[in-house]
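What follows is query30.cif (mmCIF, C-alpha atoms).
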```cif
data_input
#
loop_
_atom_site.label_atom_id
_atom_site.label_comp_id
_atom_site.auth_asym_id
_atom_site.auth_seq_id
_atom_site.Cartn_x
_atom_site.Cartn_y
_atom_site.Cartn_z
CA MET Z 1 -91.82 41.94 42.00
CA SER Z 2 -93.24 44.67 44.20
CA THR Z 3 -95.21 46.12 41.30
CA GLN Z 4 -96.86 42.81 40.53
CA SER Z 5 -99.88 41.45 42.30
CA ALA Z 6 -100.24 37.77 43.13
CA GLN Z 7 -102.55 37.45 40.13
CA ASP Z 8 -99.70 38.38 37.78
CA ILE Z 9 -97.38 35.68 39.07
CA ALA Z 10 -98.13 32.22 37.70
CA PHE Z 11 -95.45 30.16 39.42
CA SER Z 12 -93.32 31.10 42.38
CA ALA Z 13 -90.91 29.55 44.82
CA SER Z 14 -89.27 30.83 47.94
CA GLY Z 15 -86.24 29.11 49.41
CA LEU Z 16 -87.44 25.83 47.90
CA THR Z 17 -85.18 23.03 49.14
CA ARG Z 18 -85.34 19.26 48.95
CA TYR Z 19 -83.06 16.61 50.38
CA PHE Z 20 -83.11 12.92 49.48
CA GLY Z 21 -81.52 11.31 52.53
CA ASN Z 22 -78.79 13.76 53.42
CA LYS Z 23 -78.14 14.69 49.84
CA PRO Z 24 -79.40 18.14 48.82
CA ILE Z 25 -81.05 17.92 45.38
CA VAL Z 26 -82.66 21.34 45.22
CA GLN Z 27 -81.26 24.15 47.34
CA GLN Z 28 -82.77 27.52 48.19
CA CYS Z 29 -84.57 28.08 44.87
CA SER Z 30 -86.56 31.28 44.64
CA PHE Z 31 -88.27 32.51 41.50
CA SER Z 32 -91.40 34.18 40.25
CA ILE Z 33 -92.71 33.62 36.75
CA PRO Z 34 -95.18 36.17 35.35
CA ARG Z 35 -98.37 35.05 33.67
CA GLY Z 36 -98.50 35.04 29.90
CA THR Z 37 -94.90 33.96 29.43
CA VAL Z 38 -93.03 30.91 28.21
CA THR Z 39 -90.24 30.00 30.62
CA GLY Z 40 -87.54 27.46 29.86
CA LEU Z 41 -86.06 25.52 32.79
CA LEU Z 42 -82.54 24.52 31.83
CA GLY Z 43 -79.91 22.43 33.54
CA LEU Z 44 -77.88 19.28 33.04
CA ASN Z 45 -79.34 15.88 33.90
CA GLY Z 46 -79.63 15.29 37.63
CA THR Z 47 -79.45 18.95 38.52
CA GLY Z 48 -82.88 19.10 40.18
CA LYS Z 49 -85.22 20.24 37.39
CA THR Z 50 -87.73 17.40 37.72
CA THR Z 51 -87.60 17.56 41.53
CA THR Z 52 -88.36 21.29 41.36
CA ILE Z 53 -91.27 20.67 38.99
CA ARG Z 54 -92.65 17.88 41.18
CA MET Z 55 -92.54 20.14 44.24
CA LEU Z 56 -94.19 22.95 42.28
CA MET Z 57 -96.96 20.56 41.22
CA GLY Z 58 -97.42 19.48 44.84
CA PHE Z 59 -96.42 15.85 44.20
CA LEU Z 60 -93.39 16.06 46.46
CA PRO Z 61 -93.19 18.00 49.74
CA PRO Z 62 -90.18 20.30 50.05
CA THR Z 63 -87.75 19.79 52.92
CA ARG Z 64 -87.74 23.55 53.44
CA GLY Z 65 -89.23 26.56 51.68
CA SER Z 66 -92.36 26.66 49.58
CA SER Z 67 -93.74 27.05 46.10
CA ALA Z 68 -97.06 28.27 44.73
CA ILE Z 69 -99.16 28.30 41.60
CA LEU Z 70 -101.11 31.53 41.17
CA GLY Z 71 -100.61 32.28 44.84
CA VAL Z 72 -101.91 28.90 46.06
CA ASP Z 73 -99.31 26.88 47.98
CA SER Z 74 -98.33 23.78 45.98
CA GLN Z 75 -99.01 21.56 48.99
CA SER Z 76 -102.62 22.71 49.30
CA LEU Z 77 -103.75 22.76 45.66
CA THR Z 78 -107.38 21.64 45.43
CA ALA Z 79 -108.86 19.53 42.63
CA ALA Z 80 -110.31 22.73 41.17
CA ASP Z 81 -106.87 24.35 41.19
CA ARG Z 82 -105.36 21.29 39.51
CA ASN Z 83 -107.97 21.46 36.75
CA ARG Z 84 -106.37 24.73 35.71
CA ILE Z 85 -102.95 23.12 35.27
CA GLY Z 86 -101.87 20.87 32.42
CA TYR Z 87 -98.89 18.69 33.22
CA THR Z 88 -96.95 16.18 31.16
CA VAL Z 89 -94.14 14.03 32.47
CA GLU Z 90 -91.16 12.84 30.47
CA GLY Z 91 -91.75 9.48 28.76
CA HIS Z 92 -95.43 10.22 27.98
CA PHE Z 93 -97.30 7.37 29.66
CA LEU Z 94 -100.08 6.01 27.44
CA TYR Z 95 -101.75 2.58 27.11
CA ASN Z 96 -100.08 0.85 24.16
CA TRP Z 97 -103.10 -1.26 23.22
CA MET Z 98 -105.43 1.71 22.76
CA ARG Z 99 -106.07 3.58 19.57
CA VAL Z 100 -105.52 7.36 19.62
CA GLU Z 101 -109.27 8.06 19.54
CA GLU Z 102 -109.83 5.57 22.38
CA CYS Z 103 -107.24 7.39 24.46
CA GLU Z 104 -109.21 10.59 23.97
CA ARG Z 105 -112.55 8.97 24.79
CA PHE Z 106 -111.09 7.30 27.89
CA GLN Z 107 -109.51 10.52 29.17
CA SER Z 108 -112.41 12.82 28.31
CA GLY Z 109 -114.70 10.78 30.59
CA THR Z 110 -112.70 11.89 33.63
CA PHE Z 111 -112.99 15.64 33.02
CA ALA Z 112 -115.98 17.95 33.31
CA LYS Z 113 -114.93 20.12 30.36
CA TRP Z 114 -113.32 18.66 27.26
CA ASN Z 115 -112.11 20.40 24.10
CA GLY Z 116 -112.36 17.80 21.34
CA LYS Z 117 -111.53 20.33 18.61
CA GLN Z 118 -108.24 21.12 20.34
CA PHE Z 119 -107.43 17.39 20.40
CA ARG Z 120 -108.03 16.94 16.67
CA GLU Z 121 -106.04 20.06 15.78
CA THR Z 122 -103.09 19.06 17.93
CA ILE Z 123 -102.79 15.47 16.70
CA GLU Z 124 -103.12 16.72 13.13
CA ARG Z 125 -100.20 19.05 13.70
CA PHE Z 126 -98.11 16.06 14.80
CA GLY Z 127 -99.30 14.04 11.76
CA ILE Z 128 -101.18 11.48 13.85
CA GLN Z 129 -104.19 9.45 12.59
CA SER Z 130 -106.93 9.01 15.19
CA LYS Z 131 -107.29 5.31 14.26
CA SER Z 132 -103.59 4.55 14.90
CA ARG Z 133 -102.59 2.26 17.75
CA ILE Z 134 -100.47 3.92 20.41
CA SER Z 135 -97.96 1.07 20.07
CA HIS Z 136 -97.44 2.01 16.41
CA LEU Z 137 -96.67 5.67 17.08
CA SER Z 138 -93.22 7.24 16.94
CA ARG Z 139 -91.81 8.88 20.04
CA GLY Z 140 -92.70 12.31 18.66
CA GLN Z 141 -96.26 11.23 17.95
CA ARG Z 142 -96.65 9.83 21.47
CA ALA Z 143 -95.54 13.22 22.76
CA GLY Z 144 -98.15 14.76 20.48
CA VAL Z 145 -100.97 12.59 21.86
CA SER Z 146 -99.85 13.29 25.40
CA LEU Z 147 -99.77 17.04 24.78
CA ALA Z 148 -103.14 16.94 22.96
CA LEU Z 149 -104.74 15.17 25.94
CA THR Z 150 -103.27 17.75 28.31
CA LEU Z 151 -104.54 20.71 26.27
CA CYS Z 152 -108.11 19.42 26.05
CA THR Z 153 -108.97 20.25 29.63
CA PHE Z 154 -108.75 24.05 29.06
CA PRO Z 155 -105.69 24.54 31.27
CA GLU Z 156 -104.38 28.02 32.03
CA PHE Z 157 -100.95 26.76 32.97
CA LEU Z 158 -98.84 24.17 31.21
CA VAL Z 159 -95.98 22.43 32.98
CA LEU Z 160 -94.00 20.25 30.59
CA ASP Z 161 -91.15 18.12 31.89
CA ASP Z 162 -88.71 17.63 29.02
CA PRO Z 163 -91.45 17.33 26.35
CA ALA Z 164 -88.94 17.42 23.48
CA LEU Z 165 -86.83 14.49 24.72
CA GLY Z 166 -85.95 12.34 21.71
CA LEU Z 167 -88.26 14.13 19.27
CA ASP Z 168 -87.50 14.42 15.55
CA PRO Z 169 -87.30 17.93 13.99
CA VAL Z 170 -90.86 17.81 12.64
CA SER Z 171 -92.34 16.89 16.03
CA ARG Z 172 -90.20 19.55 17.70
CA GLN Z 173 -91.61 22.15 15.35
CA ALA Z 174 -95.14 20.89 16.07
CA LEU Z 175 -94.42 21.10 19.80
CA ASN Z 176 -93.08 24.66 19.50
CA GLU Z 177 -96.08 25.76 17.42
CA THR Z 178 -98.46 24.24 19.95
CA ILE Z 179 -96.76 26.00 22.87
CA LEU Z 180 -96.74 29.39 21.13
CA GLU Z 181 -100.38 29.01 20.14
CA PHE Z 182 -101.26 28.15 23.73
CA VAL Z 183 -99.84 31.42 25.08
CA GLU Z 184 -101.12 33.58 22.23
CA SER Z 185 -104.13 34.79 24.21
CA GLY Z 186 -101.71 36.48 26.61
CA ASP Z 187 -102.92 35.17 29.96
CA ARG Z 188 -101.74 31.56 29.78
CA THR Z 189 -98.36 30.45 31.02
CA VAL Z 190 -95.92 27.70 30.11
CA LEU Z 191 -93.03 26.28 32.12
CA LEU Z 192 -91.00 23.67 30.29
CA SER Z 193 -87.75 21.94 31.03
CA SER Z 194 -85.57 21.14 28.07
CA HIS Z 195 -82.06 20.47 26.82
CA LEU Z 196 -82.73 21.95 23.39
CA LEU Z 197 -81.14 25.38 23.56
CA ASP Z 198 -82.12 26.34 20.02
CA ASP Z 199 -85.79 25.67 20.67
CA ILE Z 200 -85.71 27.55 23.97
CA GLU Z 201 -84.09 30.54 22.28
CA ARG Z 202 -86.91 30.54 19.73
CA ILE Z 203 -89.94 30.19 21.97
CA ALA Z 204 -89.07 31.31 25.50
CA ASP Z 205 -89.40 34.76 27.07
CA ARG Z 206 -87.57 33.79 30.21
CA ILE Z 207 -85.18 31.19 31.46
CA LEU Z 208 -84.40 29.55 34.76
CA VAL Z 209 -81.01 27.87 34.87
CA MET Z 210 -80.16 25.33 37.55
CA VAL Z 211 -76.63 24.27 38.39
CA ASP Z 212 -76.11 21.55 41.00
CA GLY Z 213 -79.52 22.09 42.58
CA ARG Z 214 -79.20 25.85 42.77
CA LEU Z 215 -80.95 28.41 40.62
CA VAL Z 216 -78.29 30.62 39.02
CA VAL Z 217 -80.36 32.46 36.40
CA ASP Z 218 -83.93 33.75 36.61
CA SER Z 219 -84.23 36.33 33.88
CA THR Z 220 -85.62 37.26 30.51
CA ILE Z 221 -83.32 36.02 27.75
CA GLU Z 222 -82.82 39.58 26.58
CA ASN Z 223 -81.73 40.83 29.99
CA LEU Z 224 -79.27 37.98 30.48
CA LEU Z 225 -77.65 38.44 27.07
CA SER Z 226 -77.35 42.18 27.51
CA ARG Z 227 -75.42 41.64 30.75
CA LEU Z 228 -73.13 38.81 29.72
CA SER Z 229 -69.99 39.54 27.69
CA THR Z 230 -67.72 37.09 25.97
CA CYS Z 231 -64.11 38.11 26.16
CA THR Z 232 -61.16 36.57 24.35
CA LEU Z 233 -57.62 36.99 25.62
CA GLU Z 234 -54.20 35.39 25.61
CA THR Z 235 -52.23 34.81 28.76
CA ASP Z 236 -49.77 32.45 30.40
CA GLU Z 237 -51.19 33.20 33.86
CA ASP Z 238 -52.38 30.22 35.82
CA THR Z 239 -56.06 29.64 36.31
CA THR Z 240 -56.23 30.63 39.98
CA GLN Z 241 -55.46 34.21 38.97
CA LEU Z 242 -58.41 34.40 36.61
CA GLY Z 243 -60.75 33.51 39.46
CA ALA Z 244 -60.23 37.03 40.81
CA ILE Z 245 -62.10 38.67 37.93
CA PRO Z 246 -65.40 40.05 39.23
CA GLY Z 247 -68.47 38.57 37.53
CA LEU Z 248 -66.58 35.68 35.90
CA VAL Z 249 -69.08 32.94 35.04
CA HIS Z 250 -66.93 30.60 33.02
CA ALA Z 251 -63.49 30.36 31.49
CA ARG Z 252 -62.54 28.08 28.66
CA ARG Z 253 -58.98 27.52 27.56
CA ILE Z 254 -57.46 26.39 24.29
CA GLY Z 255 -53.68 26.69 24.45
CA ARG Z 256 -52.79 30.23 25.54
CA ARG Z 257 -56.13 31.56 24.43
CA TRP Z 258 -58.94 32.00 26.92
CA THR Z 259 -62.59 32.68 26.32
CA LEU Z 260 -64.20 34.25 29.37
CA SER Z 261 -67.88 34.82 30.05
CA ILE Z 262 -68.25 37.78 32.37
CA LEU Z 263 -71.48 39.07 33.90
CA ASP Z 264 -71.92 42.86 34.16
CA MET Z 265 -68.47 43.58 32.83
CA ASN Z 266 -67.33 46.95 34.14
CA ALA Z 267 -64.29 49.03 35.00
CA GLU Z 268 -63.59 46.70 37.92
CA SER Z 269 -63.42 43.61 35.69
CA ASP Z 270 -61.30 45.54 33.20
CA ALA Z 271 -58.94 46.55 35.99
CA ALA Z 272 -58.71 42.94 37.19
CA LEU Z 273 -57.85 41.85 33.66
CA SER Z 274 -55.12 44.42 33.27
CA ARG Z 275 -53.70 43.58 36.74
CA LEU Z 276 -53.23 40.07 35.38
CA GLY Z 277 -51.40 41.59 32.45
CA CYS Z 278 -54.03 40.36 30.00
CA GLN Z 279 -55.40 42.45 27.27
CA ALA Z 280 -58.76 41.54 25.87
CA LEU Z 281 -58.44 40.81 22.15
CA ASP Z 282 -62.12 40.92 21.53
CA ARG Z 283 -65.25 41.57 23.50
CA THR Z 284 -68.71 40.77 22.23
CA PRO Z 285 -72.15 40.33 23.70
CA SER Z 286 -72.81 36.64 24.34
CA ALA Z 287 -74.85 34.54 21.99
CA PHE Z 288 -77.61 32.54 23.70
CA ASN Z 289 -75.91 29.18 23.21
CA ASP Z 290 -72.59 30.47 24.54
CA ALA Z 291 -74.28 32.03 27.54
CA MET Z 292 -76.05 28.78 28.40
CA MET Z 293 -72.92 26.70 27.87
CA ALA Z 294 -71.03 29.07 30.17
CA TYR Z 295 -73.52 28.47 33.00
CA LEU Z 296 -74.19 24.79 32.35
CA SER Z 297 -70.50 23.87 32.05
CA ARG Z 298 -70.10 24.90 35.67
CA SER Z 299 -71.84 21.71 36.76
CA ARG Z 300 -69.09 19.61 35.27
CA GLY Z 301 -66.47 21.37 37.36
CA SER Z 302 -64.55 22.44 34.30
CA SER Z 303 -63.67 25.69 35.98
CA SER Z 304 -63.62 24.76 39.63
CA PHE Z 305 -61.33 27.67 40.43
CA ILE Z 306 -64.31 29.97 40.17
CA SER Z 307 -65.62 29.90 43.68
CA LYS Z 308 -69.14 31.16 43.21
CA THR Z 309 -71.37 31.39 40.16
CA PRO Z 310 -72.51 34.97 39.69
CA SER Z 311 -76.25 34.68 39.46
CA VAL Z 312 -78.80 36.71 37.56
CA PRO Z 313 -81.65 37.36 39.94
CA SER Z 314 -85.29 37.68 39.05
CA SER Z 315 -86.01 40.51 36.68
CA ARG Z 316 -88.64 41.48 34.17
CA MET G 317 -89.32 39.27 1.20
CA GLN G 318 -88.45 36.04 2.89
CA ILE G 319 -87.00 36.29 6.39
CA ARG G 320 -84.82 33.42 7.52
CA ILE G 321 -83.56 32.95 11.03
CA VAL G 322 -81.28 30.47 12.72
CA ALA G 323 -81.30 29.71 16.41
CA GLY G 324 -77.95 29.09 18.04
CA SER G 325 -76.33 31.78 15.92
CA ASN G 326 -74.04 34.51 17.22
CA ALA G 327 -76.68 37.07 16.38
CA ALA G 328 -79.78 37.14 18.57
CA ILE G 329 -82.96 36.22 16.69
CA TYR G 330 -84.45 39.72 16.96
CA LYS G 331 -81.22 41.13 15.53
CA GLN G 332 -81.34 38.75 12.57
CA ILE G 333 -84.87 39.89 11.75
CA ALA G 334 -84.05 43.60 12.13
CA ASP G 335 -80.88 43.23 10.03
CA GLN G 336 -82.65 41.44 7.20
CA ILE G 337 -85.42 44.00 7.05
CA SER G 338 -83.07 46.97 7.14
CA ARG G 339 -80.92 45.36 4.43
CA SER G 340 -83.98 44.85 2.23
CA VAL G 341 -85.00 48.47 2.79
CA ALA G 342 -81.47 49.70 1.95
CA ALA G 343 -81.44 47.60 -1.22
CA GLY G 344 -84.83 48.94 -2.28
CA GLU G 345 -86.38 45.51 -2.13
CA LEU G 346 -88.82 46.79 0.47
CA GLU G 347 -90.20 50.10 -0.72
CA VAL G 348 -91.18 53.11 1.35
CA GLY G 349 -94.74 52.78 2.59
CA LYS G 350 -94.79 49.01 2.28
CA MET G 351 -96.51 47.27 5.17
CA LEU G 352 -94.59 44.67 7.15
CA PRO G 353 -96.28 41.44 8.26
CA SER G 354 -97.93 41.78 11.67
CA VAL G 355 -95.98 40.71 14.74
CA ARG G 356 -98.23 37.73 15.27
CA GLN G 357 -98.11 36.65 11.63
CA LEU G 358 -94.32 36.78 11.39
CA ALA G 359 -93.95 35.00 14.75
CA ARG G 360 -96.21 32.22 13.49
CA GLU G 361 -94.34 31.94 10.21
CA LEU G 362 -90.96 31.70 11.90
CA VAL G 363 -92.27 29.67 14.90
CA ILE G 364 -90.77 32.05 17.42
CA ASN G 365 -91.94 33.99 20.45
CA PRO G 366 -93.96 37.07 19.31
CA ASN G 367 -92.05 39.25 21.77
CA THR G 368 -88.91 38.60 19.72
CA VAL G 369 -90.57 39.97 16.59
CA ALA G 370 -91.94 42.92 18.58
CA LYS G 371 -88.41 43.68 19.79
CA ALA G 372 -87.05 43.58 16.22
CA TYR G 373 -89.78 45.96 15.05
CA ALA G 374 -89.22 48.28 18.00
CA ASP G 375 -85.52 48.46 17.09
CA LEU G 376 -86.39 49.27 13.48
CA VAL G 377 -88.79 51.99 14.62
CA GLN G 378 -86.13 53.45 16.89
CA SER G 379 -83.61 53.65 14.09
CA GLY G 380 -86.17 55.29 11.81
CA ILE G 381 -86.33 52.49 9.24
CA VAL G 382 -89.87 51.53 10.08
CA GLU G 383 -92.75 53.60 11.38
CA THR G 384 -95.84 52.52 13.17
CA GLN G 385 -99.36 53.78 12.68
CA ALA G 386 -101.34 53.16 15.83
CA GLY G 387 -103.45 50.05 15.47
CA LYS G 388 -102.66 49.70 11.78
CA GLY G 389 -99.27 48.09 11.76
CA PHE G 390 -95.70 48.72 10.72
CA TYR G 391 -94.62 50.42 7.50
CA VAL G 392 -91.29 51.10 5.82
CA ALA G 393 -90.53 54.73 6.64
CA LYS G 394 -89.21 57.46 4.38
CA ARG G 395 -85.49 57.62 4.86
CA ARG G 396 -84.48 60.20 7.43
CA GLN G 397 -81.82 60.59 10.04
CA VAL G 398 -82.88 60.00 13.60
CA TYR G 399 -79.42 60.19 15.10
CA THR G 400 -76.93 63.02 15.47
CA LYS G 401 -73.80 62.93 13.36
CA SER G 402 -71.66 61.78 16.30
CA GLU G 403 -74.08 59.02 17.23
CA ARG G 404 -74.14 57.83 13.62
CA MET G 405 -70.36 57.88 13.63
CA ARG G 406 -70.25 55.90 16.88
CA ARG G 407 -72.62 53.29 15.49
CA MET G 408 -70.67 52.94 12.28
CA ASP G 409 -67.36 52.71 14.16
CA GLU G 410 -68.80 49.86 16.19
CA SER G 411 -69.53 47.88 13.04
CA ILE G 412 -66.20 48.75 11.47
CA GLN G 413 -64.36 47.68 14.62
CA SER G 414 -65.94 44.23 14.45
CA LEU G 415 -65.16 44.07 10.72
CA ILE G 416 -61.52 44.86 11.49
CA ASN G 417 -61.34 42.22 14.21
CA GLN G 418 -62.86 39.63 11.92
CA SER G 419 -60.58 40.58 9.01
CA LEU G 420 -57.47 40.26 11.17
CA THR G 421 -58.58 36.88 12.48
CA LEU G 422 -59.22 35.66 8.95
CA GLY G 423 -55.93 37.11 7.70
CA PHE G 424 -57.08 39.84 5.28
CA SER G 425 -55.12 43.04 4.75
CA ALA G 426 -56.65 46.52 5.00
CA GLU G 427 -56.37 46.90 1.20
CA GLU G 428 -58.18 43.66 0.54
CA VAL G 429 -60.95 44.60 2.95
CA LEU G 430 -61.35 48.13 1.52
CA HIS G 431 -61.49 46.76 -1.98
CA ARG G 432 -64.18 44.29 -1.02
CA VAL G 433 -66.16 46.93 0.88
CA ARG G 434 -66.18 49.17 -2.20
CA GLU G 435 -67.25 46.26 -4.37
CA LEU G 436 -70.16 45.25 -2.15
CA PHE G 437 -71.16 48.85 -1.47
CA GLY G 438 -71.48 49.40 -5.21
CA LYS G 439 -73.54 46.26 -5.56
CA VAL G 440 -76.07 47.41 -2.94
CA LEU G 441 -76.26 50.96 -4.38
CA ARG G 442 -76.77 49.66 -7.91
CA SER G 443 -79.75 47.60 -6.81
CA VAL G 444 -81.48 50.70 -5.36
CA PRO G 445 -83.71 52.04 -8.17
CA GLU G 446 -83.00 55.69 -7.40
CA SER G 447 -81.20 57.20 -4.47
CA SER G 448 -83.86 58.28 -2.03
CA SER G 449 -81.71 60.28 0.36
#
```
Target encoding structure tokens, full file:
Amino acid sequence: MSTQSAQDIAFSASGLTRYFGNKPIVQQCSFSIPRGTVTGLLGLNGTGKTTTIRMLMGFLPPTRGSSAILGVDSQSLTAADRNRIGYTVEGHFLYNWMRVEECERFQSGTFAKWNGKQFRETIERFGIQSKSRISHLSRGQRAGVSLALTLCTFPEFLVLDDPALGLDPVSRQALNETILEFVESGDRTVLLSSHLLDDIERIADRILVMVDGRLVVDSTIENLLSRLSTCTLETDEDTTQLGAIPGLVHARRIGRRWTLSILDMNAESDAALSRLGCQALDRTPSAFNDAMMAYLSRSRGSSSFISKTPSVPSSR
Amino acid sequence: MQIRIVAGSNAAIYKQIADQISRSVAAGELEVGKMLPSVRQLARELVINPNTVAKAYADLVQSGIVETQAGKGFYVAKRRQVYTKSERMRRMDESIQSLINQSLTLGFSAEEVLHRVRELFGKVLRSVPESSS
């Protein structure tokens, strides 16, 4: 962080917190996302992803803390700043009675700069005819129109809230291609929330993982996977004992066999394992899906004996 | 050669790419001096983040399978050893250890595994036109 200037950081948050009534929805989130990257925001439903995005976009004031886009506080973004940001919400709001080309004409009138070529290329990728009525489009095609409209305004930053929700495989591929093409120039940045782990593994450089309103991972995928080990062992010990293993993220049990996800496994964790009389049968680096499941499963309280989720702080 | 990747696999995507290329080189399917697709081109083909392809290529360069000519791209390198004997041993042991673990889990005996290793080893060597070591 210290080696990066404000111009290198596209999105940032510091102690970002939001309450609805007396219920904390987002708690103490801090992150910094470098320009030129694709970052996936992951978390179960209701874990604060959309609230975080809405605060970042300046649509919702935080209860405490702050967030910024390219160094400008989210709460004081000007119209000119907003012109640099493309944002799509889940559900893709469009007028059903319009044709695709009418949507474009309608929208283009409200922007100073409009990239019609980009629109045509994007809808073509999603297999959409410009004469089609919005009401006749599939969910994936609606997402395509929505994304095409967003890209036409020459944004430098794209913030996509669950763009892949309910999309078929062909539309998902079109979405992934569009996102990768967008960042190809190297100075444009994408933040997208998603539940599709396979797609995130393919297209993202970095991930943010939220669990119960808190940010537990802010890292490149590579860095996270190199630090997280999956360990298999057999034991009759009760679960409270396992909680003492340093760096334990998640433990899953089938009969006597346990699969543990351990962050920064070291001599100390090994010692803790042997104190419990367990011998690791196998130890492998974590696959992306397993790593994400280990963190995300924490929300469901499946391993409530683990008192605190070891987090992976911001890193390049 | 056709590279195929699956997301959600146990092997990271960059590892899948590096493994497939090194296998093709070992089998002689990719000849010495042959140019690999550019990072951007392969990323587009596979619809993945270009940094993932770059990481796979960097790994291949580090293990001496591929060499880079500044600004020109990546080429299959002449076979040479870039690691000391003990490092090569360590790397091979790592793979053998995971083979042993897997064999035990699947219920194969040492004899069965050795037999199969010999069989497959022969198959790969036979497909190499002439030993280039």
Specify as a compact mmCIF listing (two decimals) with C-alpha atoms, keeping the file's coordinate frame each residue included when the PyMOL selection byres ((chain Z and resi 215) around 10) is applied to this file.
```
# COMPACT_ATOMS: atom_id res chain seq x y z
CA VAL Z 26 -82.66 21.34 45.22
CA GLN Z 27 -81.26 24.15 47.34
CA GLN Z 28 -82.77 27.52 48.19
CA CYS Z 29 -84.57 28.08 44.87
CA SER Z 30 -86.56 31.28 44.64
CA PHE Z 31 -88.27 32.51 41.50
CA LEU Z 41 -86.06 25.52 32.79
CA LEU Z 42 -82.54 24.52 31.83
CA GLY Z 43 -79.91 22.43 33.54
CA THR Z 47 -79.45 18.95 38.52
CA GLY Z 48 -82.88 19.10 40.18
CA LYS Z 49 -85.22 20.24 37.39
CA LEU Z 208 -84.40 29.55 34.76
CA VAL Z 209 -81.01 27.87 34.87
CA MET Z 210 -80.16 25.33 37.55
CA VAL Z 211 -76.63 24.27 38.39
CA ASP Z 212 -76.11 21.55 41.00
CA GLY Z 213 -79.52 22.09 42.58
CA ARG Z 214 -79.20 25.85 42.77
CA VAL Z 216 -78.29 30.62 39.02
CA VAL Z 217 -80.36 32.46 36.40
CA ASP Z 218 -83.93 33.75 36.61
CA SER Z 311 -76.25 34.68 39.46
CA VAL Z 312 -78.80 36.71 37.56
CA PRO Z 313 -81.65 37.36 39.94
```
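Between CA of Tyr391 in chain G and CA of Ala359 in chain G lies a distance of 17.1 Å.
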Report task. Write down, as a VMD selection string, each residue of chain G that has any atom within 7 Å of an atom of chain Z, counting all atoms listed in the file. Result -> chain G and resid 323 to 328 363 to 365
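Comparing Z:Gln107, Z:Leu276, Z:Leu263, Z:Leu191 by their smallest distance to Leu233 in chain Z, the closest is Z:Leu276 (using all atoms listed in the file).
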Please provide as a JSON list (two decimals) with C-alpha atoms, keeping the file's coordinate frame all residues within 10 Å of Leu158 in chain Z, with the sequence filter that same-chain residues fewer than 3 positions apart are discarded (counting only C-alpha atoms).
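What ended up in part-v1.json:
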```json
[["chain", "number", "residue", "atom", "x", "y", "z"],
["Z", 38, "VAL", "CA", -93.03, 30.91, 28.21],
["Z", 84, "ARG", "CA", -106.37, 24.73, 35.71],
["Z", 85, "ILE", "CA", -102.95, 23.12, 35.27],
["Z", 86, "GLY", "CA", -101.87, 20.87, 32.42],
["Z", 87, "TYR", "CA", -98.89, 18.69, 33.22],
["Z", 88, "THR", "CA", -96.95, 16.18, 31.16],
["Z", 147, "LEU", "CA", -99.77, 17.04, 24.78],
["Z", 150, "THR", "CA", -103.27, 17.75, 28.31],
["Z", 151, "LEU", "CA", -104.54, 20.71, 26.27],
["Z", 155, "PRO", "CA", -105.69, 24.54, 31.27],
["Z", 161, "ASP", "CA", -91.15, 18.12, 31.89],
["Z", 179, "ILE", "CA", -96.76, 26.00, 22.87],
["Z", 182, "PHE", "CA", -101.26, 28.15, 23.73],
["Z", 183, "VAL", "CA", -99.84, 31.42, 25.08],
["Z", 188, "ARG", "CA", -101.74, 31.56, 29.78],
["Z", 189, "THR", "CA", -98.36, 30.45, 31.02],
["Z", 190, "VAL", "CA", -95.92, 27.70, 30.11],
["Z", 191, "LEU", "CA", -93.03, 26.28, 32.12],
["Z", 192, "LEU", "CA", -91.00, 23.67, 30.29]]
```
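Here, the PyMOL selection byres ((chain Z and resi 121) around 12) matches Asn115, Gly116, Lys117, Gln118, Phe119, Arg120, Thr122, Ile123, Glu124, Arg125, Phe126, Gly127, Ile128, Gln129, Ser130, Gly144, Val145, Leu147, Ala148, Leu149, Leu151, Cys152, Ala174, Glu177, Thr178 and Glu181 of chain Z.
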Could you take the residues named above and write them with C-alpha atoms, as a compact mmCIF listing (two decimals), keeping the file's coordinate frame?
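Done, and the output landed in out_0.txt:
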```txt
# COMPACT_ATOMS: atom_id res chain seq x y z
CA ASN Z 115 -112.11 20.40 24.10
CA GLY Z 116 -112.36 17.80 21.34
CA LYS Z 117 -111.53 20.33 18.61
CA GLN Z 118 -108.24 21.12 20.34
CA PHE Z 119 -107.43 17.39 20.40
CA ARG Z 120 -108.03 16.94 16.67
CA THR Z 122 -103.09 19.06 17.93
CA ILE Z 123 -102.79 15.47 16.70
CA GLU Z 124 -103.12 16.72 13.13
CA ARG Z 125 -100.20 19.05 13.70
CA PHE Z 126 -98.11 16.06 14.80
CA GLY Z 127 -99.30 14.04 11.76
CA ILE Z 128 -101.18 11.48 13.85
CA GLN Z 129 -104.19 9.45 12.59
CA SER Z 130 -106.93 9.01 15.19
CA GLY Z 144 -98.15 14.76 20.48
CA VAL Z 145 -100.97 12.59 21.86
CA LEU Z 147 -99.77 17.04 24.78
CA ALA Z 148 -103.14 16.94 22.96
CA LEU Z 149 -104.74 15.17 25.94
CA LEU Z 151 -104.54 20.71 26.27
CA CYS Z 152 -108.11 19.42 26.05
CA ALA Z 174 -95.14 20.89 16.07
CA GLU Z 177 -96.08 25.76 17.42
CA THR Z 178 -98.46 24.24 19.95
CA GLU Z 181 -100.38 29.01 20.14
```
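Going from CA of Phe157 in chain Z over to CA of Gly387 in chain G, you cover 29.2 Å.
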Report task. May I have the residues within 8 Å of Val89 in chain Z as a list in words, using all atoms listed in the file and disregarding those fewer than 5 positions away in the same chain? Result -> Leu160, Asp161, Asp162 and Pro163 of chain Z
